[in-house]
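*Asks:* This is the structure, below, for whatever I ask next.
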Amino acid sequence: MKKKNVCKMVATVLSVCMAFTAATTYNFATTVHADGEETETVYVTAVTVSPATLSLEKGKKEKLTATITPEDATDKTVTWSSADETIATVSATGEVTAVAAGTTVITATSENGEPKEIDTSKIPGLNIDKKIPVPTTRAGACVVTVTDPSAEPDPSGDKVYVTAVTVTPVTSTIKEGETLQLTAKVMPDNATDKTVKWESSNINVATVNSKGVVTAIKEGSAVITATANNSISDRTKPSGSAEVVVIKKDEKDPEDPDPGKTDPENPTPSTQSGEKTIYRLYNLYTGEHFYTDSAAERDADVNAGWVYESEAWVSPEVSSLPVYRLYNPNNGDHHYTTNTAEVQMLNVAGWNLEGIGFYSNENKKNPVYRLYNPNTSGAGAHHYTKDYTEVISLTLAGWQYEGEAWFSL
């Protein structure tokens with residue numbers, strides 16, 4: 001959604017909402033039944049999709065199951081969606097249809113998570129002295145790999161091609177001179193050739209050998225990638241990535257206990273120090289917002305046609321809570337998350353892990369909020385802001401509030 005269109009929608013929706021909200025009492029804590037009886041609302045806390053991975057031949061179908069937690073949730077409704085319908089589609093009941101060879105992610109989303117209250121008193125000109133509860137979403141996913149037995153038969157015999165690669169662990173911290181064993185898993189399990197080629201994005205920081213053993217060279221970070229040697233096309237070779245952070249020999253590992261640095265509210269030892277400004281840019285053509293702590297990257301993007309909007313927030317220069325940055329080569333979108341499971345899921349779906357974008361405040365104060373635009377599947381589908389005004393404006397314009405993404409200083 002283009003920013004100028006959002007602004008027009010917000011202006012219209014706000015004018016209607018101001019009159020509506022003033023006369024409306026919100027009570028998301030109870031559910032009113034047809035007979036007039038009120039019961040306490042039980043919100044969805046998690047959605048689990050089973051199986052978690054699925055292999056299907058082109059043209060075949062299989063039913064997925066979404067399990068809602070807790071079992072007594074008031075509303076167990078989920079919406080099914082496919083990240084790439086050219087590979088596999090999914091029906092409203094969770095039935096997956098394999099369309100073409102490749103890998104995609106099928107998601108079951110509940111919009112019945114516990115509402116997050118938005119303080120409308122912070123919205124200039126709204127003049128409503130109350131908080132509006134905005135429902136949050138919960139989702140589960142299944143990685144679906146589609147094979148096509150009839151595709152490009154190999155003259156030397158039947159060949160099962162690799163369709164996806166995942167690397168574990170997704171992120172690691174090691175000291176200079178130390179080594180780390182990474183593991184690459186290819187899909188499907190019966191691939192004819194499971195070998196991969198290992199590469200490091202920065203050999204001055206960390207190198208990797210042909211068996212996935214990483215050697216830390218000097219302080220910094222590097223993305224280690226495993227690329228399948230066996231794929232249907234050389235142009236679309238599946239790959240998976242992991243982030244390796246190298247620290248100095250004399251530095252304490254973030255996982256080592258250090259009572260002197262432990263936050264009473266957070267037993268994880270603190271490694272937080274310094275601060276960095278996060279810059280926010282906007283692409284007029286795709287509608288995507290981009291976030292970076294690099295002034296050089298900001299200036300390069302401006303020269304390429306991006307609009308520099310403002311300083312988005314201030315993050316720690318380093319902390320024990322990294323925010324990972326991923327890139328979708330198919331539509332040019334960037335995504336940011338602290339969740340390594342989400343990193344792995346997107347990596348399998350074809351996103352490239354670009355490393356640590358910036359860091360979250362360990363004290364978990366000053367939240368940065370995450371929103372999702374259900375009206376687009378392209379660049380700019382997610383938005384991140386610490387501004388309550390923008391959160392409520394986008395929510396009223398049709399965006400889905402997804403909660404606190406991470407925290408600023």
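Note on naming: chains are A, B, ... as they come in the structure tokens, residues start from 1 per chain, ligands start from 1 in the order shown.
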Once you count only C-alpha atoms, what closest atom pair and distance in Å to one decimal does each residue of range 170-192 of chain A within 12 Å of range 97-111 of chain A have, with rows by chain and rising residue number, as a tab-separated table?

*Replies:*
```
residue	atom	partner	partner_atom	distance
A:Val186	CA	A:Thr103	CA	11.6
A:Met187	CA	A:Thr103	CA	9.0
A:Pro188	CA	A:Thr103	CA	9.9
```

*Asks:* According to DSSP computed on the backbone, where in range 290-405 of chain A is there alpha helix (DSSP H)? Give the residues as a VMD selection string.

*Replies:* chain A and resid 295 to 303 340 to 348 388 to 396

*Asks:* Near Ala52 in chain A, counting only C-alpha atoms, which residues have an atom at most 10 Å away, once you skip same-chain residues fewer than 5 positions from it, shown as a ChimeraX atom specification?

*Replies:* /A:64-65,105-106,140-144

*Asks:* Which one is closest to Gly403 in chain A: A:Lys63, A:Lys197, A:Lys76, A:Arg138? Count only C-alpha atoms.

*Replies:* A:Arg138

*Asks:* Nearest to Asp387 in chain A among A:Ser408, A:Asn373, A:Thr215, A:Thr53, with distances taken over only C-alpha atoms: which residue is it?

*Replies:*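 Selected residue with least distance to Asp387 in chain A: A:Ser408.
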
*Asks:* Name the residues of range 136-363 of chain A that fall into strand (DSSP E) according to DSSP on the backbone, using the chain letters and numbers of this document, as a VMD selection string.

*Replies:* chain A and resid 136 to 147 164 to 168 171 to 175 179 to 181 183 to 187 196 to 200 206 to 208 213 to 216 220 to 228 239 to 247 262 to 263 266 to 269 276 to 282 289 to 292 307 to 315 322 to 327 334 to 337 352 to 359

*Asks:* For each of A:Thr171, A:Ser201, A:Ser273, A:Ser315, take the minimum atom-to-atom distance to Val245 in chain A, counting only C-alpha atoms, then give the residue where this is smallest.

*Replies:*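 Selected residue with least distance to Val245 in chain A: A:Thr171.
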